[in-house]
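Coordinates from entry_11.cif are shown below (mmCIF, C-alpha atoms).
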```cif
data_structure
#
loop_
_atom_site.group_PDB
_atom_site.id
_atom_site.type_symbol
_atom_site.label_atom_id
_atom_site.label_comp_id
_atom_site.auth_asym_id
_atom_site.auth_seq_id
_atom_site.Cartn_x
_atom_site.Cartn_y
_atom_site.Cartn_z
ATOM 1 C CA GLU A 1 0.000 0.000 0.000
ATOM 2 C CA GLY A 2 1.093 3.560 -0.653
ATOM 3 C CA GLU A 3 3.379 2.553 -3.524
ATOM 4 C CA GLU A 4 2.901 4.624 -6.654
ATOM 5 C CA ILE A 5 2.963 2.763 -9.937
ATOM 6 C CA GLU A 6 3.742 4.246 -13.326
ATOM 7 C CA ILE A 7 1.393 2.734 -15.900
ATOM 8 C CA TYR A 8 2.926 2.709 -19.355
ATOM 9 C CA GLU A 9 0.438 3.485 -22.131
ATOM 10 C CA ASP A 10 1.678 0.707 -24.419
ATOM 11 C CA THR A 11 1.661 -1.892 -21.630
ATOM 12 C CA GLY A 12 -1.207 -0.872 -19.368
ATOM 13 C CA CYS A 13 -2.099 -2.467 -16.037
ATOM 14 C CA ALA A 14 -3.304 -5.828 -17.388
ATOM 15 C CA ALA A 15 -0.948 -6.869 -20.184
ATOM 16 C CA SER A 16 -0.475 -10.385 -18.768
ATOM 17 C CA THR A 17 -2.746 -13.125 -20.086
ATOM 18 C CA MET A 18 -4.813 -15.017 -17.511
ATOM 19 C CA VAL A 19 -4.687 -18.790 -17.087
ATOM 20 C CA THR A 20 -7.095 -21.455 -15.849
ATOM 21 C CA ASP A 21 -6.795 -24.989 -14.490
ATOM 22 C CA GLY A 22 -10.450 -25.752 -15.200
ATOM 23 C CA LYS A 23 -11.386 -25.066 -11.576
ATOM 24 C CA ARG A 24 -10.271 -21.467 -11.100
ATOM 25 C CA VAL A 25 -8.960 -18.571 -13.181
ATOM 26 C CA TYR A 26 -5.819 -16.653 -12.234
ATOM 27 C CA ALA A 27 -4.728 -13.112 -13.113
ATOM 28 C CA ILE A 28 -1.675 -10.963 -12.404
ATOM 29 C CA PHE A 29 -1.445 -7.208 -12.819
ATOM 30 C CA ALA A 30 1.281 -4.580 -13.261
ATOM 31 C CA THR A 31 1.004 -3.932 -9.513
ATOM 32 C CA GLY A 32 2.352 -7.418 -8.745
ATOM 33 C CA ASP A 33 -1.049 -8.472 -7.373
ATOM 34 C CA VAL A 34 -2.236 -12.014 -8.170
ATOM 35 C CA TYR A 35 -5.872 -13.105 -7.841
ATOM 36 C CA ALA A 36 -7.591 -16.475 -8.039
ATOM 37 C CA LEU A 37 -11.307 -16.475 -8.870
ATOM 38 C CA ASP A 38 -13.879 -19.222 -9.225
ATOM 39 C CA PHE A 39 -16.099 -19.390 -12.318
ATOM 40 C CA GLU A 40 -18.814 -17.383 -10.572
ATOM 41 C CA GLY A 41 -16.356 -14.512 -10.141
ATOM 42 C CA ASN A 42 -15.803 -15.007 -6.405
ATOM 43 C CA LYS A 43 -12.319 -14.322 -5.080
ATOM 44 C CA VAL A 44 -10.672 -17.527 -3.785
ATOM 45 C CA TRP A 45 -7.353 -15.963 -2.719
ATOM 46 C CA GLU A 46 -5.010 -13.104 -3.462
ATOM 47 C CA LYS A 47 -1.268 -12.598 -3.175
ATOM 48 C CA HIS A 48 0.854 -9.462 -3.361
ATOM 49 C CA PHE A 49 4.435 -9.483 -4.661
ATOM 50 C CA GLY A 50 4.953 -5.715 -4.791
ATOM 51 C CA ILE A 51 5.350 -3.525 -7.858
ATOM 52 C CA PRO A 52 7.860 -5.172 -10.219
ATOM 53 C CA ASP A 53 10.948 -3.180 -11.206
ATOM 54 C CA SER A 54 10.215 -3.211 -14.931
ATOM 55 C CA ALA A 55 11.401 -0.688 -17.520
ATOM 56 C CA TYR A 56 8.241 -0.894 -19.642
ATOM 57 C CA GLY A 57 5.733 -2.292 -17.149
ATOM 58 C CA TYR A 58 5.084 -5.931 -16.224
ATOM 59 C CA ALA A 59 3.680 -8.037 -19.090
ATOM 60 C CA THR A 60 4.638 -11.682 -18.434
ATOM 61 C CA SER A 61 1.696 -14.083 -18.689
ATOM 62 C CA LEU A 62 0.869 -16.859 -16.229
ATOM 63 C CA ALA A 63 1.209 -20.596 -16.865
ATOM 64 C CA MET A 64 -0.061 -23.806 -15.214
ATOM 65 C CA TYR A 65 1.636 -27.107 -14.498
ATOM 66 C CA ARG A 66 -0.889 -29.588 -13.082
ATOM 67 C CA ASN A 67 -2.047 -27.917 -9.833
ATOM 68 C CA LEU A 68 0.761 -25.326 -9.819
ATOM 69 C CA LEU A 69 0.379 -21.703 -10.887
ATOM 70 C CA LEU A 70 3.676 -20.547 -12.402
ATOM 71 C CA ILE A 71 4.709 -16.891 -12.039
ATOM 72 C CA GLN A 72 7.873 -15.656 -13.739
ATOM 73 C CA LEU A 73 8.615 -12.450 -11.831
ATOM 74 C CA ASP A 74 11.686 -11.152 -13.657
ATOM 75 C CA GLN A 75 12.732 -7.619 -12.748
ATOM 76 C CA GLY A 76 15.667 -5.239 -12.414
ATOM 77 C CA GLU A 77 19.107 -6.113 -13.807
ATOM 78 C CA ASP A 78 20.689 -9.574 -13.928
ATOM 79 C CA ASP A 79 22.882 -8.841 -10.887
ATOM 80 C CA ASP A 80 20.123 -7.251 -8.761
ATOM 81 C CA ASP A 81 19.029 -10.624 -7.304
ATOM 82 C CA LYS A 82 15.377 -9.635 -7.735
ATOM 83 C CA SER A 83 14.060 -12.146 -10.285
ATOM 84 C CA VAL A 84 12.188 -15.220 -9.007
ATOM 85 C CA LEU A 85 10.176 -18.081 -10.520
ATOM 86 C CA TYR A 86 7.283 -19.039 -8.230
ATOM 87 C CA ALA A 87 5.093 -22.138 -8.194
ATOM 88 C CA LEU A 88 1.924 -21.607 -6.149
ATOM 89 C CA ASN A 89 -0.694 -24.134 -5.108
ATOM 90 C CA GLY A 90 -3.665 -23.217 -7.275
ATOM 91 C CA LYS A 91 -6.204 -24.039 -4.603
ATOM 92 C CA SER A 92 -4.625 -22.193 -1.678
ATOM 93 C CA GLY A 93 -2.132 -19.732 -3.194
ATOM 94 C CA GLN A 94 0.639 -21.090 -0.960
ATOM 95 C CA VAL A 95 4.173 -21.148 -2.387
ATOM 96 C CA VAL A 96 5.128 -24.757 -3.221
ATOM 97 C CA TRP A 97 8.586 -23.807 -4.459
ATOM 98 C CA GLN A 98 10.469 -20.722 -5.630
ATOM 99 C CA LYS A 99 13.759 -20.267 -7.447
ATOM 100 C CA LYS A 100 15.968 -17.196 -7.610
ATOM 101 C CA ARG A 101 16.862 -16.329 -11.203
ATOM 102 C CA PRO A 102 20.177 -14.666 -12.197
ATOM 103 C CA VAL A 103 18.470 -12.661 -14.951
ATOM 104 C CA ALA A 104 17.191 -9.165 -15.703
ATOM 105 C CA GLY A 105 13.604 -8.043 -16.183
ATOM 106 C CA SER A 106 11.862 -9.556 -19.193
ATOM 107 C CA TRP A 107 8.479 -9.576 -20.922
ATOM 108 C CA THR A 108 8.479 -13.241 -21.916
ATOM 109 C CA SER A 109 6.175 -15.902 -20.478
ATOM 110 C CA PRO A 110 7.145 -19.354 -19.164
ATOM 111 C CA ILE A 111 6.046 -22.450 -21.058
ATOM 112 C CA VAL A 112 5.774 -26.082 -19.925
ATOM 113 C CA ILE A 113 7.037 -28.714 -22.350
ATOM 114 C CA GLN A 114 6.760 -32.512 -22.384
ATOM 115 C CA THR A 115 9.898 -34.191 -23.723
ATOM 116 C CA ASP A 116 10.522 -37.909 -24.138
ATOM 117 C CA LYS A 117 12.038 -38.019 -20.653
ATOM 118 C CA ASN A 118 10.518 -35.276 -18.513
ATOM 119 C CA GLU A 119 8.376 -32.181 -18.132
ATOM 120 C CA GLN A 120 10.248 -28.877 -18.150
ATOM 121 C CA ILE A 121 9.492 -25.224 -17.529
ATOM 122 C CA ILE A 122 11.327 -23.111 -20.102
ATOM 123 C CA THR A 123 12.099 -19.482 -19.267
ATOM 124 C CA CYS A 124 13.859 -16.779 -21.231
ATOM 125 C CA SER A 125 15.487 -13.507 -20.123
ATOM 126 C CA ASP A 126 18.724 -11.536 -20.308
ATOM 127 C CA PRO A 127 21.196 -13.303 -20.424
ATOM 128 C CA LEU A 128 19.890 -16.880 -20.034
ATOM 129 C CA VAL A 129 17.443 -19.442 -21.309
ATOM 130 C CA ILE A 130 16.840 -21.676 -18.263
ATOM 131 C CA SER A 131 14.985 -24.990 -17.989
ATOM 132 C CA TYR A 132 13.552 -26.205 -14.670
ATOM 133 C CA ASP A 133 12.088 -29.524 -13.595
ATOM 134 C CA ALA A 134 8.357 -28.759 -13.633
ATOM 135 C CA ALA A 135 7.527 -30.616 -10.423
ATOM 136 C CA THR A 136 10.408 -29.500 -8.199
ATOM 137 C CA GLY A 137 11.848 -26.331 -9.734
ATOM 138 C CA LYS A 138 15.331 -27.845 -9.960
ATOM 139 C CA GLU A 139 17.390 -26.237 -12.713
ATOM 140 C CA LEU A 140 18.089 -28.708 -15.522
ATOM 141 C CA TRP A 141 20.009 -26.656 -18.072
ATOM 142 C CA ARG A 142 20.853 -23.128 -19.178
ATOM 143 C CA ALA A 143 22.077 -21.437 -22.349
ATOM 144 C CA ASP A 144 23.878 -18.088 -22.223
ATOM 145 C CA ILE A 145 22.591 -16.678 -25.524
ATOM 146 C CA MET A 146 20.174 -13.845 -24.698
ATOM 147 C CA GLY A 147 20.560 -10.058 -24.671
ATOM 148 C CA SER A 148 18.528 -7.125 -23.394
ATOM 149 C CA ASP A 149 14.806 -6.304 -23.734
ATOM 150 C CA VAL A 150 13.570 -9.848 -24.385
ATOM 151 C CA ALA A 151 9.846 -9.726 -25.269
ATOM 152 C CA PRO A 152 8.940 -12.603 -27.656
ATOM 153 C CA SER A 153 8.154 -15.781 -25.717
ATOM 154 C CA GLN A 154 9.634 -19.166 -26.533
ATOM 155 C CA VAL A 155 7.802 -22.038 -28.248
ATOM 156 C CA TYR A 156 8.312 -25.815 -28.374
ATOM 157 C CA ALA A 157 7.895 -27.682 -31.658
ATOM 158 C CA ASN A 158 9.272 -30.788 -33.362
ATOM 159 C CA GLY A 159 11.351 -31.635 -30.279
ATOM 160 C CA LEU A 160 13.103 -28.250 -30.183
ATOM 161 C CA VAL A 161 12.780 -25.125 -28.025
ATOM 162 C CA PHE A 162 12.763 -21.920 -30.093
ATOM 163 C CA VAL A 163 13.819 -18.639 -28.470
ATOM 164 C CA VAL A 164 14.133 -15.161 -29.946
ATOM 165 C CA GLN A 165 16.699 -12.486 -29.192
ATOM 166 C CA PRO A 166 14.899 -9.404 -30.579
ATOM 167 C CA TYR A 167 16.265 -7.960 -33.841
ATOM 168 C CA ASP A 168 19.107 -10.485 -33.752
ATOM 169 C CA SER A 169 18.568 -14.252 -33.829
ATOM 170 C CA LEU A 170 16.202 -17.201 -33.620
ATOM 171 C CA PHE A 171 17.765 -20.132 -31.724
ATOM 172 C CA ALA A 172 16.641 -23.762 -31.930
ATOM 173 C CA ILE A 173 17.669 -25.641 -28.773
ATOM 174 C CA ARG A 174 17.679 -29.378 -28.055
ATOM 175 C CA PRO A 175 16.174 -29.671 -24.523
ATOM 176 C CA ASP A 176 17.860 -32.947 -23.484
ATOM 177 C CA GLY A 177 21.039 -31.428 -22.028
ATOM 178 C CA ARG A 178 22.163 -30.782 -18.462
ATOM 179 C CA GLY A 179 24.101 -27.864 -17.014
ATOM 180 C CA ASP A 180 25.542 -25.258 -19.376
ATOM 181 C CA ILE A 181 24.466 -26.262 -22.899
ATOM 182 C CA THR A 182 25.484 -23.042 -24.676
ATOM 183 C CA GLU A 183 28.135 -24.754 -26.798
ATOM 184 C CA THR A 184 26.529 -28.174 -27.158
ATOM 185 C CA HIS A 185 22.762 -28.054 -27.745
ATOM 186 C CA ILE A 186 22.029 -25.208 -30.186
ATOM 187 C CA ALA A 187 20.680 -27.112 -33.202
ATOM 188 C CA TRP A 188 20.579 -24.102 -35.525
ATOM 189 C CA THR A 189 20.216 -20.317 -35.629
ATOM 190 C CA ALA A 190 18.609 -17.872 -38.058
ATOM 191 C CA GLU A 191 19.013 -14.127 -38.476
ATOM 192 C CA ASP A 192 16.361 -13.011 -41.001
ATOM 193 C CA GLY A 193 12.963 -11.581 -40.070
ATOM 194 C CA ILE A 194 13.611 -11.686 -36.310
ATOM 195 C CA PRO A 195 10.702 -10.190 -34.300
ATOM 196 C CA ASP A 196 11.006 -7.672 -31.496
ATOM 197 C CA ILE A 197 7.643 -8.069 -29.714
ATOM 198 C CA ALA A 198 5.474 -10.838 -31.205
ATOM 199 C CA SER A 199 6.169 -14.444 -30.200
ATOM 200 C CA PRO A 200 6.797 -17.033 -32.912
ATOM 201 C CA VAL A 201 4.260 -19.750 -33.645
ATOM 202 C CA SER A 202 4.648 -23.237 -35.123
ATOM 203 C CA ASN A 203 2.533 -25.986 -36.636
ATOM 204 C CA GLY A 204 5.290 -28.527 -35.909
ATOM 205 C CA GLU A 205 6.818 -28.660 -39.366
ATOM 206 C CA LEU A 206 7.205 -24.900 -39.828
ATOM 207 C CA ILE A 207 7.820 -21.909 -37.560
ATOM 208 C CA PHE A 208 6.519 -18.422 -38.393
ATOM 209 C CA LEU A 209 8.044 -15.115 -37.254
ATOM 210 C CA LEU A 210 6.282 -11.738 -37.393
ATOM 211 C CA ASP A 211 8.059 -8.449 -36.733
ATOM 212 C CA THR A 212 6.443 -5.155 -35.753
ATOM 213 C CA GLY A 213 6.742 -3.816 -39.290
ATOM 214 C CA GLY A 214 4.586 -6.644 -40.660
ATOM 215 C CA TYR A 215 7.379 -8.731 -42.158
ATOM 216 C CA ILE A 216 6.582 -12.450 -41.839
ATOM 217 C CA THR A 217 9.190 -15.202 -42.264
ATOM 218 C CA CYS A 218 8.748 -18.982 -42.384
ATOM 219 C CA TYR A 219 11.452 -21.537 -41.478
ATOM 220 C CA GLU A 220 11.591 -25.326 -41.323
ATOM 221 C CA THR A 221 11.735 -26.357 -37.667
ATOM 222 C CA ARG A 222 13.983 -29.349 -38.295
ATOM 223 C CA THR A 223 16.663 -27.714 -40.435
ATOM 224 C CA GLY A 224 16.344 -23.937 -40.035
ATOM 225 C CA LYS A 225 15.943 -23.561 -43.812
ATOM 226 C CA LYS A 226 14.062 -20.386 -44.755
ATOM 227 C CA VAL A 227 10.965 -21.413 -46.712
ATOM 228 C CA TRP A 228 9.462 -18.015 -47.582
ATOM 229 C CA GLU A 229 9.090 -14.399 -46.472
ATOM 230 C CA ASP A 230 6.586 -11.652 -47.217
ATOM 231 C CA ASP A 231 5.459 -8.192 -46.149
ATOM 232 C CA LEU A 232 1.913 -7.671 -44.857
ATOM 233 C CA GLY A 233 2.247 -3.891 -45.097
ATOM 234 C CA GLU A 234 0.933 -3.121 -41.593
ATOM 235 C CA GLU A 235 2.315 -2.836 -38.072
ATOM 236 C CA PHE A 236 1.781 -5.615 -35.507
ATOM 237 C CA GLN A 237 2.299 -6.157 -31.779
ATOM 238 C CA SER A 238 0.035 -9.151 -31.119
ATOM 239 C CA SER A 239 1.466 -12.630 -31.668
ATOM 240 C CA PRO A 240 0.340 -14.800 -34.588
ATOM 241 C CA SER A 241 -1.814 -17.896 -33.991
ATOM 242 C CA VAL A 242 -2.052 -21.195 -35.859
ATOM 243 C CA VAL A 243 -5.582 -22.601 -36.039
ATOM 244 C CA GLY A 244 -6.012 -25.621 -38.262
ATOM 245 C CA GLU A 245 -4.251 -24.890 -41.542
ATOM 246 C CA HIS A 246 -4.363 -21.115 -41.149
ATOM 247 C CA LEU A 247 -2.326 -18.337 -39.552
ATOM 248 C CA TYR A 248 -4.256 -15.515 -37.864
ATOM 249 C CA LEU A 249 -2.431 -12.180 -37.543
ATOM 250 C CA LEU A 250 -4.074 -9.137 -35.923
ATOM 251 C CA SER A 251 -2.565 -5.754 -36.843
ATOM 252 C CA LEU A 252 -2.261 -2.685 -34.632
ATOM 253 C CA LYS A 253 -5.086 -1.069 -36.617
ATOM 254 C CA GLY A 254 -7.291 -4.054 -35.810
ATOM 255 C CA VAL A 255 -7.223 -5.833 -39.159
ATOM 256 C CA MET A 256 -7.203 -9.639 -38.992
ATOM 257 C CA HIS A 257 -5.044 -11.140 -41.729
ATOM 258 C CA ILE A 258 -5.583 -14.847 -42.429
ATOM 259 C CA ILE A 259 -2.945 -16.679 -44.439
ATOM 260 C CA LYS A 260 -2.150 -20.312 -45.127
ATOM 261 C CA ALA A 261 0.151 -21.969 -42.598
ATOM 262 C CA GLY A 262 2.060 -23.812 -45.292
ATOM 263 C CA ARG A 263 5.137 -23.877 -47.490
ATOM 264 C CA GLU A 264 3.915 -21.053 -49.717
ATOM 265 C CA PHE A 265 2.665 -17.585 -48.796
ATOM 266 C CA VAL A 266 -1.045 -17.664 -49.623
ATOM 267 C CA LYS A 267 -3.309 -14.909 -48.334
ATOM 268 C CA ILE A 268 -6.833 -16.126 -47.566
ATOM 269 C CA SER A 269 -8.579 -12.969 -46.364
ATOM 270 C CA GLN A 270 -8.436 -9.881 -44.201
ATOM 271 C CA SER A 271 -11.184 -8.375 -42.023
ATOM 272 C CA PRO A 272 -11.231 -5.058 -40.119
ATOM 273 C CA LEU A 273 -12.239 -5.159 -36.468
ATOM 274 C CA GLY A 274 -13.154 -1.486 -36.381
ATOM 275 C CA GLU A 275 -10.744 -0.418 -33.647
ATOM 276 C CA PRO A 276 -7.041 -0.857 -32.787
ATOM 277 C CA SER A 277 -5.727 -3.848 -30.818
ATOM 278 C CA THR A 278 -2.398 -4.866 -29.301
ATOM 279 C CA CYS A 279 -3.699 -8.161 -27.862
ATOM 280 C CA SER A 280 -3.323 -11.693 -29.175
ATOM 281 C CA PRO A 281 -6.691 -13.345 -29.908
ATOM 282 C CA ALA A 282 -7.976 -16.420 -28.086
ATOM 283 C CA PHE A 283 -9.692 -19.332 -29.822
ATOM 284 C CA GLY A 284 -12.182 -21.875 -28.460
ATOM 285 C CA ASP A 285 -15.298 -23.824 -29.476
ATOM 286 C CA GLY A 286 -15.453 -22.278 -32.939
ATOM 287 C CA ARG A 287 -15.151 -18.720 -31.679
ATOM 288 C CA ILE A 288 -12.475 -16.027 -31.689
ATOM 289 C CA TYR A 289 -12.182 -13.659 -28.719
ATOM 290 C CA ILE A 290 -10.397 -10.350 -29.309
ATOM 291 C CA ARG A 291 -9.710 -7.549 -26.864
ATOM 292 C CA GLY A 292 -9.799 -4.295 -28.785
ATOM 293 C CA GLU A 293 -8.912 -0.839 -27.562
ATOM 294 C CA LYS A 294 -12.469 -0.268 -26.271
ATOM 295 C CA HIS A 295 -14.457 -3.479 -26.702
ATOM 296 C CA LEU A 296 -14.241 -7.229 -26.191
ATOM 297 C CA PHE A 297 -15.271 -9.018 -29.374
ATOM 298 C CA CYS A 298 -16.569 -12.550 -29.878
ATOM 299 C CA ILE A 299 -16.574 -13.724 -33.482
ATOM 300 C CA GLY A 300 -18.202 -16.965 -34.604
ATOM 301 C CA LYS A 301 -21.535 -18.709 -34.871
ATOM 302 C CA GLU A 302 -24.246 -18.028 -32.285
#
```

Before we go any further, please render this structure as structure tokens.
Amino acid sequence: EGEEIEIYEDTGCAASTMVTDGKRVYAIFATGDVYALDFEGNKVWEKHFGIPDSAYGYATSLAMYRNLLLIQLDQGEDDDDKSVLYALNGKSGQVVWQKKRPVAGSWTSPIVIQTDKNEQIITCSDPLVISYDAATGKELWRADIMGSDVAPSQVYANGLVFVVQPYDSLFAIRPDGRGDITETHIAWTAEDGIPDIASPVSNGELIFLLDTGGYITCYETRTGKKVWEDDLGEEFQSSPSVVGEHLYLLSLKGVMHIIKAGREFVKISQSPLGEPSTCSPAFGDGRIYIRGEKHLFCIGKE
């Protein structure tokens, strides 16, 4: 209480995406406040971590692993000893485990991956990509390959973890290593069409990158071979989505571009929303949910 928070216009107070375990929904805000609600909207518990030390405002989204709510609270500089990964009991909000992170503030979100051997939490910030055992929080491996202002989140496809250093490189990492894997487990790297804000997306065979200027680039996940590139002619901040055989890309102006998620650039359609948007759409049960600048939209059949 009493702390003043600077809300950045581009980030806002609620940039982080919520998450659900099917029993409750969880939200975190730029204030560092976390809330658990039931599906009737009743508050189950709340937790306060304090205002994060973040240059552009806190924007990391939440993740779930079984009954654990995962909170990547990266802040400050890499030697400030402020960054922590928390795993909370979803039912009670109690801390099950927490791990100090030797990294700076970031705007990436943790992901949980299932490999042939284990389940891992993959995190990404300056200067490290770090993997943790999902159940215990024990560090499994790290790669010293990141730089400052990391915003695009990592994805897992075709047995590889893909991480983006904005404006610089896309790294494909084999996640079966232990300890420092910087020199041993980078399968391939690419340097064309690297995004600065939007996270990559993959259909397994291909991975698609979208930069703020609307330049979209497609690579093979297995080899790193560039398959195609094109310019959509608009600015973007929301991340692309793969749904079925299509890519959905929502521009800053609020125009949804739909293209084929394949080995050739094929534009299917584009539809204006009617107002700007910086949010990535959500898909479920034949509907698309989009948070615009002023309205929440639901698109689909009644």

Hits from the PyMOL selection byres ((chain A and resi 168-177) around 10), listed as a ChimeraX atom specification:
/A:113,115-118,120,122,129,131,140-143,145-147,154-157,159-167,178-182,184-196,200,209,221-224

Show me, as a PyMOL selection string, the residues that have an atom within 8 Å of Ile258 in chain A when counting all atoms listed in the file, minus same-chain residues fewer than 2 positions from it.
chain A and resi 246-249+256+260+267-270

Quick one: residues within 9 Å of Lys253 in chain A, only C-alpha atoms, excluding same-chain residues fewer than 6 positions away - as a PDB file with C-alpha atoms, in the frame of the given file?
```
ATOM      1  CA  GLU A 234       0.933  -3.121 -41.593  1.00  0.00           C
ATOM      2  CA  GLU A 235       2.315  -2.836 -38.072  1.00  0.00           C
ATOM      3  CA  PHE A 236       1.781  -5.615 -35.507  1.00  0.00           C
ATOM      4  CA  PRO A 272     -11.231  -5.058 -40.119  1.00  0.00           C
ATOM      5  CA  LEU A 273     -12.239  -5.159 -36.468  1.00  0.00           C
ATOM      6  CA  GLY A 274     -13.154  -1.486 -36.381  1.00  0.00           C
ATOM      7  CA  GLU A 275     -10.744  -0.418 -33.647  1.00  0.00           C
ATOM      8  CA  PRO A 276      -7.041  -0.857 -32.787  1.00  0.00           C
ATOM      9  CA  SER A 277      -5.727  -3.848 -30.818  1.00  0.00           C
ATOM     10  CA  THR A 278      -2.398  -4.866 -29.301  1.00  0.00           C
TER      11      THR A 278
END
```

Could you name the residues that touch Ser239 in chain A at 7 Å or less, counting only C-alpha atoms, but leaving out those on the same chain fewer than 4 positions away, as a list in words?
Ala198, Ser199 and Ser280 of chain A

Keeping C-alpha atoms, export the residues of the selection given above as a PDB file, in the frame of the given file.
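result06.pdb, written as the output of this step:
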```
ATOM      1  CA  ALA A 198       5.474 -10.838 -31.205  1.00  0.00           C
ATOM      2  CA  SER A 199       6.169 -14.444 -30.200  1.00  0.00           C
ATOM      3  CA  SER A 280      -3.323 -11.693 -29.175  1.00  0.00           C
TER       4      SER A 280
END
```

Quick one: distance from CA of Ile121 in chain A to CA of Gly12 in chain A in Å, one decimal?
26.7 Å

Please provide the set of residues having any atom within 9 Å of range 74-86 of chain A, restricted to all atoms listed in the file, with same-chain residues fewer than 6 positions apart removed, written as a ChimeraX atom specification.
/A:52-55,58,60,95-107,125-127,137

Write out, as a PDB file, in the frame of the given file, the residues just selected, with C-alpha atoms.
```
ATOM      1  CA  PRO A  52       7.860  -5.172 -10.219  1.00  0.00           C
ATOM      2  CA  ASP A  53      10.948  -3.180 -11.206  1.00  0.00           C
ATOM      3  CA  SER A  54      10.215  -3.211 -14.931  1.00  0.00           C
ATOM      4  CA  ALA A  55      11.401  -0.688 -17.520  1.00  0.00           C
ATOM      5  CA  TYR A  58       5.084  -5.931 -16.224  1.00  0.00           C
ATOM      6  CA  THR A  60       4.638 -11.682 -18.434  1.00  0.00           C
ATOM      7  CA  VAL A  95       4.173 -21.148  -2.387  1.00  0.00           C
ATOM      8  CA  VAL A  96       5.128 -24.757  -3.221  1.00  0.00           C
ATOM      9  CA  TRP A  97       8.586 -23.807  -4.459  1.00  0.00           C
ATOM     10  CA  GLN A  98      10.469 -20.722  -5.630  1.00  0.00           C
ATOM     11  CA  LYS A  99      13.759 -20.267  -7.447  1.00  0.00           C
ATOM     12  CA  LYS A 100      15.968 -17.196  -7.610  1.00  0.00           C
ATOM     13  CA  ARG A 101      16.862 -16.329 -11.203  1.00  0.00           C
ATOM     14  CA  PRO A 102      20.177 -14.666 -12.197  1.00  0.00           C
ATOM     15  CA  VAL A 103      18.470 -12.661 -14.951  1.00  0.00           C
ATOM     16  CA  ALA A 104      17.191  -9.165 -15.703  1.00  0.00           C
ATOM     17  CA  GLY A 105      13.604  -8.043 -16.183  1.00  0.00           C
ATOM     18  CA  SER A 106      11.862  -9.556 -19.193  1.00  0.00           C
ATOM     19  CA  TRP A 107       8.479  -9.576 -20.922  1.00  0.00           C
ATOM     20  CA  SER A 125      15.487 -13.507 -20.123  1.00  0.00           C
ATOM     21  CA  ASP A 126      18.724 -11.536 -20.308  1.00  0.00           C
ATOM     22  CA  PRO A 127      21.196 -13.303 -20.424  1.00  0.00           C
ATOM     23  CA  GLY A 137      11.848 -26.331  -9.734  1.00  0.00           C
TER      24      GLY A 137
END
```

Suppose you want the space between CA of Asp133 in chain A and CA of Ile71 in chain A; what is it in Å?
14.7 Å

Of the listed residues A:Leu296, A:Ala282, A:Leu88, A:Ile288, that which approaches Thr136 in chain A most closely, counting only C-alpha atoms
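Selected residue with least distance to Thr136 in chain A: A:Leu88.
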
Proximity to Gly41 in chain A - best of A:Pro152, A:Gly292, A:Tyr56, A:Val25, all atoms listed in the file:
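So, comparing all the options, the nearest one is A:Val25.
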
Would you compute the distance between CA of Lys47 in chain A and CA of Met64 in chain A? Give it in Å to one decimal.
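Answer for the CA of Lys47 in chain A to CA of Met64 in chain A separation: 16.5 Å.
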
Pick the closest to Leu206 in chain A from A:Glu264, A:Asp10, A:Asp33, A:Glu183: which is it, counting only C-alpha atoms?
A:Glu264

Measuring atom to atom with all atoms listed in the file, identify which of A:Ser92, A:Cys298, A:Asn42, A:Gly57 is nearest to Glu9 in chain A.
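Between A:Ser92, A:Cys298, A:Asn42, A:Gly57, the residue approaching Glu9 in chain A most closely is A:Gly57.
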
Pull out every residue that the PyMOL selection byres ((chain A and resi 301) around 10) matches in the shown coordinates and put them as a list in words.
Asp285, Gly286, Arg287, Ile288, Cys298, Ile299, Gly300 and Glu302 of chain A

Near range 243-245 of chain A, counting all atoms listed in the file, which residues have an atom at most 9 Å away, once you skip same-chain residues fewer than 6 positions from it, shown as a ChimeraX atom specification?
/A:203,259-262,283

Resulting file, chosen residues, C-alpha atoms, as a PDB file, in the coordinates of the input:
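The resulting again_35.pdb:
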```pdb
ATOM      1  CA  ASN A 203       2.533 -25.986 -36.636  1.00  0.00           C
ATOM      2  CA  ILE A 259      -2.945 -16.679 -44.439  1.00  0.00           C
ATOM      3  CA  LYS A 260      -2.150 -20.312 -45.127  1.00  0.00           C
ATOM      4  CA  ALA A 261       0.151 -21.969 -42.598  1.00  0.00           C
ATOM      5  CA  GLY A 262       2.060 -23.812 -45.292  1.00  0.00           C
ATOM      6  CA  PHE A 283      -9.692 -19.332 -29.822  1.00  0.00           C
TER       7      PHE A 283
END
```

The PyMOL selection byres ((chain A and resi 19) around 10) resolved against shown file, as a list in words:
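Selection result, ordered by chain and number: Ser16, Thr17, Met18, Thr20, Asp21, Gly22, Arg24, Val25, Tyr26, Ala27, Ile28, Ala36, Ser61, Leu62, Ala63, Met64, Leu69 and Leu70 of chain A.
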
Print the selection's residues with C-alpha atoms to a file, as a JSON list (two decimals), in the frame of the given file.
```json
[["chain", "number", "residue", "atom", "x", "y", "z"],
["A", 16, "SER", "CA", -0.48, -10.38, -18.77],
["A", 17, "THR", "CA", -2.75, -13.12, -20.09],
["A", 18, "MET", "CA", -4.81, -15.02, -17.51],
["A", 20, "THR", "CA", -7.10, -21.46, -15.85],
["A", 21, "ASP", "CA", -6.80, -24.99, -14.49],
["A", 22, "GLY", "CA", -10.45, -25.75, -15.20],
["A", 24, "ARG", "CA", -10.27, -21.47, -11.10],
["A", 25, "VAL", "CA", -8.96, -18.57, -13.18],
["A", 26, "TYR", "CA", -5.82, -16.65, -12.23],
["A", 27, "ALA", "CA", -4.73, -13.11, -13.11],
["A", 28, "ILE", "CA", -1.68, -10.96, -12.40],
["A", 36, "ALA", "CA", -7.59, -16.48, -8.04],
["A", 61, "SER", "CA", 1.70, -14.08, -18.69],
["A", 62, "LEU", "CA", 0.87, -16.86, -16.23],
["A", 63, "ALA", "CA", 1.21, -20.60, -16.86],
["A", 64, "MET", "CA", -0.06, -23.81, -15.21],
["A", 69, "LEU", "CA", 0.38, -21.70, -10.89],
["A", 70, "LEU", "CA", 3.68, -20.55, -12.40]]
```
